[in-house]
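Working notes, beginning with the structure itself.
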Amino acid sequence: MNSPAPAASPTNWEWLETGIASGDVLVPGSDARNSIFYFVRADWDGLMTRRLLIFTTVRRAAARRTIFELLDELCFQHSDWPLVADAAELALSDVDPPVRRTAARLLVNTAEPGRAMAALIASTDPVVRIALVEAMPWHKVLRHEAILERLRADPVPAVRLLANIAVFSKDDPAAWPVLDAAIRADLETCAGVLDSPGSRLPKTAGQHWAWALTRLDREEDCCSWAQRLANPAERPEVRREGVRMAVAAMREWRAAPGRVTPLLTALLEEEPSEVRSAALHALAASMTASRLAADDLVVVLDDPDLGTVAAIGLGSIGDHRAVPYLVRLMLADSDEPRLARAFRAVARAGADPDAPVAAARQILAALPDSCSPDLPMRVLAAFGPAAAPAVPELIARLEGAENDTPDWAFYVLGQIGPAAAAAVPVLRDYPTQGATSALLKVTLDRAVAERYLAGRPEELRRGRFAPELLTWLAEHGGLTVRQHRQLRSLFKVPGSEQVESAGAVWLHEGPAAAAELLEVLPAYLFDALCGPEALRVFAAMGSHARPILDRLDRFIASRHRAGSHIGDFDAEMRADEMLLAATIAARKQIDVRPYAY
């Protein structure tokens with residue numbers, strides 16, 4: 001972390017009060033937040049911590065909520081924190097429910113389990129008791145089995161539900177039906193309780209239940225309960241939990257989309273409601289579900305509320321029917337985070353480039369400065385040579401650049417390739433890596449790459465640009481002795497450079513490098529970032545990569561998603577779907593013999 005700004009010092013508190021009032025202290029990367037973390041880590045019980053604790057008792061509830069949330073985030077770095085635990089315990093009687101809820105979780109995270117248990121026994125406040133039970137690390141609590149058994153009969157439904165979930169054990173499957181029935185009995189009453197304001201990672205009652213089912217690998221039961229809860233005879237609160245359980249199943253098990261998609265598509269036929277909306281979002285979140293429900297998503301494309309979600313879902317699987325709607329979203333300056341990926345998918349699937357390219361050109365023409373939005377540039381890059389009509393706008397970007405380097409324009413010109421020949425004179429004026437890359441791909445002139453590499457040492461250690469150039473040269477005539485040494489120096493460095501240089505090693509050395517590649521690359525196989533490139537290398541190796549087939553087969557046969565830890569559960573699910581597809585494709589190129597997938 002960077003050092004705090006000079007104005008942020010423990011002897012000048014105006015910045016702190018301003019940051020708390022605005023909520024800026026909760027914004028990752030903000031100066032106020034960086035300063036707080038810097039000073040607190042330097043002395044956990046020091047002046048900064050004590051100053052923060054003053055705000056736990058100020059009159060403004062919003063400030064108290066902010067400070068307790070901040071302290072809760074800080075305590076992930078320092079779980080044994082008695083000074084903060086004292087403030088959290090006092091706040092269990094705060095007049096504001098979100099403050100009490102966060103304070104209860106903070107107490108569990110900063111105090112010994114016995115102290116948190118004592119607070120649970122002493123409290124009669126449902127808000128506090130629910131939060132304590134939800135956050136409690138039960139495996140650390142003495143005689144927790146007996147305590148949980150008593151809590152299963154608690155007068156507060158959410159406490160009962162959480163206790164029943166905590167009791168689930170792999171060692172006692174005979175108890176599961178009884179626990180399921182008890183949870184189902186309290187499910188509707190708990191609607192809106194567990195995910196109310198003040199919850200750090202808010203999970204509904206159904207999501208808590210689904211978490212227990214996935215933890216126990218109860219795929220059949222999870223899908224079955226999703227079907228039962230989403231039944232039209234149930235109340236909307238319960239039906240939404242059914243959809244959430246279907247989502248949890250899809251995120252955990254690869255076969256789940258095939259099982260729950262029919263129940264979700266049936267919900268799309270209903271009148272507009274939160275349940276119908278949740279079902280559509282669930283279908284669009286999974287590429288597998290989107291493929292299975294493609295025709296159902298098309299029907300929703302013109303829906304004013306849900307059309308965007310349907311278009312993104314369809315676009316992400318390369319369905320050409322989404323293209324007009326994706327173009328409309330781009331022209332409307334949509335901030336949908338998956339829009340660029342959807343355009344890339346339809347471009348790869350051979351969609352007509354005319355409308356997307358024209359729309360991107362229209363946006364660029366309306367923004368004459370060199371700093372343009374990412375989306376139109378990403379769209380042009382996705383369509384590659386078909387984006388050649390945009391070359392004049394891209395050249396204008398290069399000629400009009402003043403203080404900022406137009407890296408996107410370089411990249412797009414490179415993706416267009418020889419059809420962007422008109423940009424060559426302007427590209428030669430830029431000494432940057434981006435311009436060199438574009439110049440190489442537009443001119444197809446080896447001398448461009450050779451000049452750059454000649455100016456670099458033989459021992460290369462970092463950077464993605466050199467592997468790119470060396471791979472291109474290996475594909476277009478091969479490497480010199482010196483370039484081969486450069487390539488080998490990159491291949492020695494563990495990490496992305498090693499994977500990105502592996503393809504060039506195979507191209508230049510052929511079967512002689514097979515044993516080494518088979519030793520090095522498997523470590524990256526199922527990594528969300530490096531895995532696809534490692535698979536491409538193995539696919540290029542063909543039959544020489546057969547020793548890796550067992551690894552590929554085990555991955556393909558796995559019932560569970562590959563954990564990629566992206567930080568977004570749906571994105572992790574899609575990463576697994578894409579990696580699985582890439583693994584199956586690579587396997588077919590390695591071994592042409594029939595295989596039952």
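Residues in the structure tokens are numbered from 1 in each chain, the chains being A, B, ... in the order shown, and ligands are numbered from 1 in the order shown.
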
Extract, using only C-alpha atoms, all DNA, RNA and protein residues at most 9 Å from Trp408 of chain A, discarding same-chain residues fewer than 5 positions from it, and format them as a PDB file with N, CA and C atoms, in the first residue's frame.
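Dumped everything to result_20.pdb:
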```pdb
ATOM      1  N   SER A 372     -10.785   8.033 -25.701  1.00  0.00           N
ATOM      2  CA  SER A 372     -12.138   7.598 -26.031  1.00  0.00           C
ATOM      3  C   SER A 372     -12.592   6.495 -25.099  1.00  0.00           C
ATOM      4  N   ASP A 374     -13.675   2.909 -23.674  1.00  0.00           N
ATOM      5  CA  ASP A 374     -13.141   1.590 -23.984  1.00  0.00           C
ATOM      6  C   ASP A 374     -14.054   0.788 -24.907  1.00  0.00           C
ATOM      7  N   MET A 377     -13.809   0.804 -28.767  1.00  0.00           N
ATOM      8  CA  MET A 377     -12.510   0.259 -29.148  1.00  0.00           C
ATOM      9  C   MET A 377     -12.499  -1.259 -28.986  1.00  0.00           C
ATOM     10  N   ARG A 378     -13.076  -1.751 -27.911  1.00  0.00           N
ATOM     11  CA  ARG A 378     -13.153  -3.198 -27.703  1.00  0.00           C
ATOM     12  C   ARG A 378     -13.983  -3.865 -28.794  1.00  0.00           C
ATOM     13  N   ALA A 381     -11.923  -3.965 -31.973  1.00  0.00           N
ATOM     14  CA  ALA A 381     -10.884  -4.990 -31.836  1.00  0.00           C
ATOM     15  C   ALA A 381     -11.472  -6.387 -31.995  1.00  0.00           C
ATOM     16  N   LEU A 413      -5.755  -1.224 -34.309  1.00  0.00           N
ATOM     17  CA  LEU A 413      -5.084  -1.275 -35.612  1.00  0.00           C
ATOM     18  C   LEU A 413      -4.345  -2.600 -35.790  1.00  0.00           C
ATOM     19  N   GLY A 434       3.048  -0.476 -27.827  1.00  0.00           N
ATOM     20  CA  GLY A 434       1.759  -0.626 -28.496  1.00  0.00           C
ATOM     21  C   GLY A 434       1.859  -0.304 -29.975  1.00  0.00           C
TER      22      GLY A 434
END
```

Inset, instruction - Find the residues near Glu577 of chain A: any atom within 12 Å, counting only C-alpha atoms, skip ones fewer than 3 places away on the same chain, and give them as an MDAnalysis selection string. - result: chainID A and resid 250:255 257 285:291 316:317 526 528 532 555:556 560:564 570:574 580:584

Legend entry - Closest of A:Ser30, A:Thr214, A:Thr189, A:Ser169 to Arg559 of chain A - atom-to-atom distances counting only C-alpha atoms: A:Thr214

Inset, instruction - Fewer than 3 positions away in the same chain doesn't count, so skip those; otherwise give me all residues within 10 Å of Ile130 of chain A, counting only C-alpha atoms, as number ranges by chain. - result: A: 101, 104-105, 120, 125-127, 133-135, 156-163, 193-194

Inset, instruction - Can you pull out every residue within 9 Å of Glu89 of chain A, counting only C-alpha atoms, but drop anything in the same chain fewer than 3 positions away, and send it as a PyMOL selection string? - result: chain A and resi 84-86+92-93+103-104+106-107+116+119

Requested write-out: N, CA and C atoms of the selected residues, as a PDB file, in the first residue's frame:
```pdb
ATOM      1  N   VAL A  84     -11.187  -2.815  20.270  1.00  0.00           N
ATOM      2  CA  VAL A  84     -12.334  -2.677  19.366  1.00  0.00           C
ATOM      3  C   VAL A  84     -13.484  -3.553  19.832  1.00  0.00           C
ATOM      4  N   ALA A  85     -13.165  -4.728  20.398  1.00  0.00           N
ATOM      5  CA  ALA A  85     -14.216  -5.597  20.922  1.00  0.00           C
ATOM      6  C   ALA A  85     -15.016  -4.884  22.019  1.00  0.00           C
ATOM      7  N   ASP A  86     -14.348  -4.090  22.835  1.00  0.00           N
ATOM      8  CA  ASP A  86     -15.049  -3.342  23.894  1.00  0.00           C
ATOM      9  C   ASP A  86     -16.073  -2.386  23.283  1.00  0.00           C
ATOM     10  N   LEU A  92     -23.874  -3.013  21.085  1.00  0.00           N
ATOM     11  CA  LEU A  92     -24.958  -3.986  20.962  1.00  0.00           C
ATOM     12  C   LEU A  92     -26.281  -3.405  21.448  1.00  0.00           C
ATOM     13  N   SER A  93     -26.227  -2.290  22.173  1.00  0.00           N
ATOM     14  CA  SER A  93     -27.452  -1.624  22.639  1.00  0.00           C
ATOM     15  C   SER A  93     -27.724  -0.330  21.882  1.00  0.00           C
ATOM     16  N   ALA A 103     -22.039  -4.353  14.761  1.00  0.00           N
ATOM     17  CA  ALA A 103     -21.282  -4.456  16.015  1.00  0.00           C
ATOM     18  C   ALA A 103     -21.246  -5.896  16.521  1.00  0.00           C
ATOM     19  N   ALA A 104     -22.336  -6.624  16.358  1.00  0.00           N
ATOM     20  CA  ALA A 104     -22.372  -8.023  16.791  1.00  0.00           C
ATOM     21  C   ALA A 104     -21.373  -8.847  15.990  1.00  0.00           C
ATOM     22  N   LEU A 106     -18.757  -7.700  14.499  1.00  0.00           N
ATOM     23  CA  LEU A 106     -17.430  -7.214  14.867  1.00  0.00           C
ATOM     24  C   LEU A 106     -16.969  -7.825  16.190  1.00  0.00           C
ATOM     25  N   LEU A 107     -17.895  -7.971  17.132  1.00  0.00           N
ATOM     26  CA  LEU A 107     -17.547  -8.589  18.411  1.00  0.00           C
ATOM     27  C   LEU A 107     -17.077 -10.026  18.200  1.00  0.00           C
ATOM     28  N   ALA A 116     -18.163 -13.666  22.994  1.00  0.00           N
ATOM     29  CA  ALA A 116     -19.295 -13.517  22.077  1.00  0.00           C
ATOM     30  C   ALA A 116     -20.462 -14.392  22.516  1.00  0.00           C
ATOM     31  N   ALA A 119     -22.337 -12.734  25.284  1.00  0.00           N
ATOM     32  CA  ALA A 119     -23.213 -11.682  24.765  1.00  0.00           C
ATOM     33  C   ALA A 119     -24.482 -12.273  24.175  1.00  0.00           C
TER      34      ALA A 119
END
```

Legend entry - Nearby residues (only C-alpha atoms) at most 10 Å from segment 140-143 of chain A, same-chain spacing under 5 positions excluded, as a list in words: Glu112, Pro113, Gly114, Ala116, Met117 and Leu148 of chain A

Store the residues picked out above, limited to C-alpha atoms, as a PDB file, in the first residue's frame.
```pdb
ATOM      1  CA  GLU A 112     -12.678 -14.743  22.091  1.00  0.00           C
ATOM      2  CA  PRO A 113     -15.631 -17.053  21.276  1.00  0.00           C
ATOM      3  CA  GLY A 114     -16.520 -17.235  24.985  1.00  0.00           C
ATOM      4  CA  ALA A 116     -19.295 -13.517  22.077  1.00  0.00           C
ATOM      5  CA  MET A 117     -21.234 -16.472  23.500  1.00  0.00           C
ATOM      6  CA  LEU A 148     -26.997 -25.360  18.906  1.00  0.00           C
TER       7      LEU A 148
END
```

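As for atom CA of Ala545 of chain A and atom CA of Arg587 of chain A, they are spaced 9.2 Å apart.
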
Legend entry - Backbone-only DSSP, helix (DSSP H, G or I) members of segment 450-539 of chain A, as a ChimeraX atom specification: /A:450-454,465-475,481-491,496-524,531-539

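From atom CA of Gln498 of chain A back to atom CA of Ala514 of chain A, the distance works out to 14.7 Å.
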
Legend entry - d(atom CA of Phe168 of chain A, atom CA of Asp576 of chain A) in Å: 27.9 Å

Inset, instruction - Might you pull out every residue within 8 Å of Pro236 of chain A, with only C-alpha atoms counted and same-chain residues fewer than 4 positions away left off, and present them as an NGL selection string? - result: :A and (240 or 274-275)

Legend entry - Residues near Ala359 of chain A, cut-off 10 Å, only C-alpha atoms, skip fewer than 3 positions along chain, as an MDAnalysis selection string: chainID A and resid 327:328 330:331 354:356 362:365 376 379:380

Write the residues of the selection above to a file with all heavy atoms, as a short mmCIF file (atom, residue, chain, number, x, y, z; two decimals), in the first residue's frame.
```cif
data_model
loop_
_atom_site.label_atom_id
_atom_site.label_comp_id
_atom_site.auth_asym_id
_atom_site.auth_seq_id
_atom_site.Cartn_x
_atom_site.Cartn_y
_atom_site.Cartn_z
N VAL A 327 -25.91 -3.47 -30.02
CA VAL A 327 -25.56 -2.20 -30.67
C VAL A 327 -26.35 -1.06 -30.04
O VAL A 327 -25.80 0.02 -29.76
CB VAL A 327 -25.83 -2.29 -32.19
CG1 VAL A 327 -25.73 -0.91 -32.83
CG2 VAL A 327 -24.86 -3.26 -32.84
N ARG A 328 -27.62 -1.31 -29.78
CA ARG A 328 -28.47 -0.28 -29.16
C ARG A 328 -27.92 0.08 -27.77
O ARG A 328 -27.90 1.26 -27.39
CB ARG A 328 -29.89 -0.81 -29.06
CG ARG A 328 -30.94 0.25 -28.74
CD ARG A 328 -32.33 -0.39 -28.69
NE ARG A 328 -32.63 -1.12 -29.92
CZ ARG A 328 -33.61 -2.00 -30.04
NH1 ARG A 328 -34.38 -2.28 -29.00
NH2 ARG A 328 -33.83 -2.61 -31.18
N MET A 330 -24.80 -0.14 -26.80
CA MET A 330 -23.56 0.61 -26.96
C MET A 330 -23.85 2.07 -27.29
O MET A 330 -23.24 2.99 -26.72
CB MET A 330 -22.69 -0.02 -28.05
CG MET A 330 -21.41 0.76 -28.32
SD MET A 330 -20.18 -0.13 -29.30
CE MET A 330 -21.07 -0.45 -30.80
N LEU A 331 -24.78 2.30 -28.19
CA LEU A 331 -25.12 3.67 -28.57
C LEU A 331 -25.77 4.44 -27.42
O LEU A 331 -25.70 5.67 -27.38
CB LEU A 331 -26.04 3.66 -29.79
CG LEU A 331 -25.39 3.21 -31.10
CD1 LEU A 331 -26.44 3.07 -32.19
CD2 LEU A 331 -24.31 4.21 -31.52
N ASP A 354 -21.22 -5.17 -39.72
CA ASP A 354 -21.54 -3.82 -40.22
C ASP A 354 -22.14 -2.92 -39.15
O ASP A 354 -21.65 -1.80 -38.93
CB ASP A 354 -22.49 -3.92 -41.41
CG ASP A 354 -21.81 -4.48 -42.66
OD1 ASP A 354 -20.56 -4.63 -42.62
OD2 ASP A 354 -22.51 -4.79 -43.64
N ALA A 355 -23.18 -3.35 -38.48
CA ALA A 355 -23.84 -2.48 -37.50
C ALA A 355 -22.96 -2.19 -36.29
O ALA A 355 -22.85 -1.02 -35.88
CB ALA A 355 -25.17 -3.11 -37.06
N PRO A 356 -22.30 -3.18 -35.70
CA PRO A 356 -21.42 -2.87 -34.57
C PRO A 356 -20.28 -1.92 -34.94
O PRO A 356 -19.97 -0.99 -34.20
CB PRO A 356 -20.89 -4.23 -34.12
CG PRO A 356 -21.91 -5.21 -34.60
CD PRO A 356 -22.41 -4.64 -35.88
N GLN A 362 -19.44 5.77 -35.07
CA GLN A 362 -20.29 6.91 -34.72
C GLN A 362 -19.88 7.50 -33.37
O GLN A 362 -19.80 8.72 -33.20
CB GLN A 362 -21.75 6.47 -34.68
CG GLN A 362 -22.72 7.57 -34.30
CD GLN A 362 -24.17 7.06 -34.27
OE1 GLN A 362 -24.52 6.14 -35.00
NE2 GLN A 362 -24.98 7.64 -33.41
N ILE A 363 -19.59 6.63 -32.41
CA ILE A 363 -19.19 7.11 -31.08
C ILE A 363 -17.84 7.80 -31.15
O ILE A 363 -17.63 8.87 -30.56
CB ILE A 363 -19.15 5.94 -30.08
CG1 ILE A 363 -20.56 5.37 -29.88
CG2 ILE A 363 -18.57 6.38 -28.74
CD1 ILE A 363 -20.60 4.09 -29.08
N LEU A 364 -16.90 7.20 -31.89
CA LEU A 364 -15.57 7.81 -31.99
C LEU A 364 -15.64 9.17 -32.70
O LEU A 364 -14.93 10.11 -32.32
CB LEU A 364 -14.63 6.88 -32.76
CG LEU A 364 -14.30 5.54 -32.09
CD1 LEU A 364 -13.30 4.76 -32.94
CD2 LEU A 364 -13.77 5.74 -30.69
N ALA A 365 -16.47 9.27 -33.71
CA ALA A 365 -16.60 10.54 -34.43
C ALA A 365 -17.15 11.65 -33.55
O ALA A 365 -16.84 12.83 -33.74
CB ALA A 365 -17.48 10.35 -35.66
N PRO A 376 -16.30 1.16 -27.54
CA PRO A 376 -16.20 1.11 -29.01
C PRO A 376 -14.88 0.55 -29.49
O PRO A 376 -14.82 -0.15 -30.52
CB PRO A 376 -16.40 2.57 -29.43
CG PRO A 376 -16.17 3.37 -28.20
CD PRO A 376 -16.57 2.52 -27.06
N VAL A 379 -15.04 -3.19 -29.20
CA VAL A 379 -15.90 -3.75 -30.25
C VAL A 379 -15.14 -3.82 -31.57
O VAL A 379 -15.16 -4.84 -32.27
CB VAL A 379 -17.18 -2.91 -30.39
CG1 VAL A 379 -17.97 -3.34 -31.64
CG2 VAL A 379 -18.04 -3.06 -29.15
N LEU A 380 -14.44 -2.75 -31.93
CA LEU A 380 -13.66 -2.76 -33.17
C LEU A 380 -12.58 -3.84 -33.12
O LEU A 380 -12.36 -4.56 -34.11
CB LEU A 380 -13.02 -1.39 -33.39
CG LEU A 380 -14.00 -0.23 -33.69
CD1 LEU A 380 -13.26 1.09 -33.73
CD2 LEU A 380 -14.75 -0.46 -35.00
#
```

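If you measure from each of A:Val95, A:Ala504, A:Val346, A:Val499 to Arg59 of chain A using only C-alpha atoms, the closest one turns out to be A:Val95.
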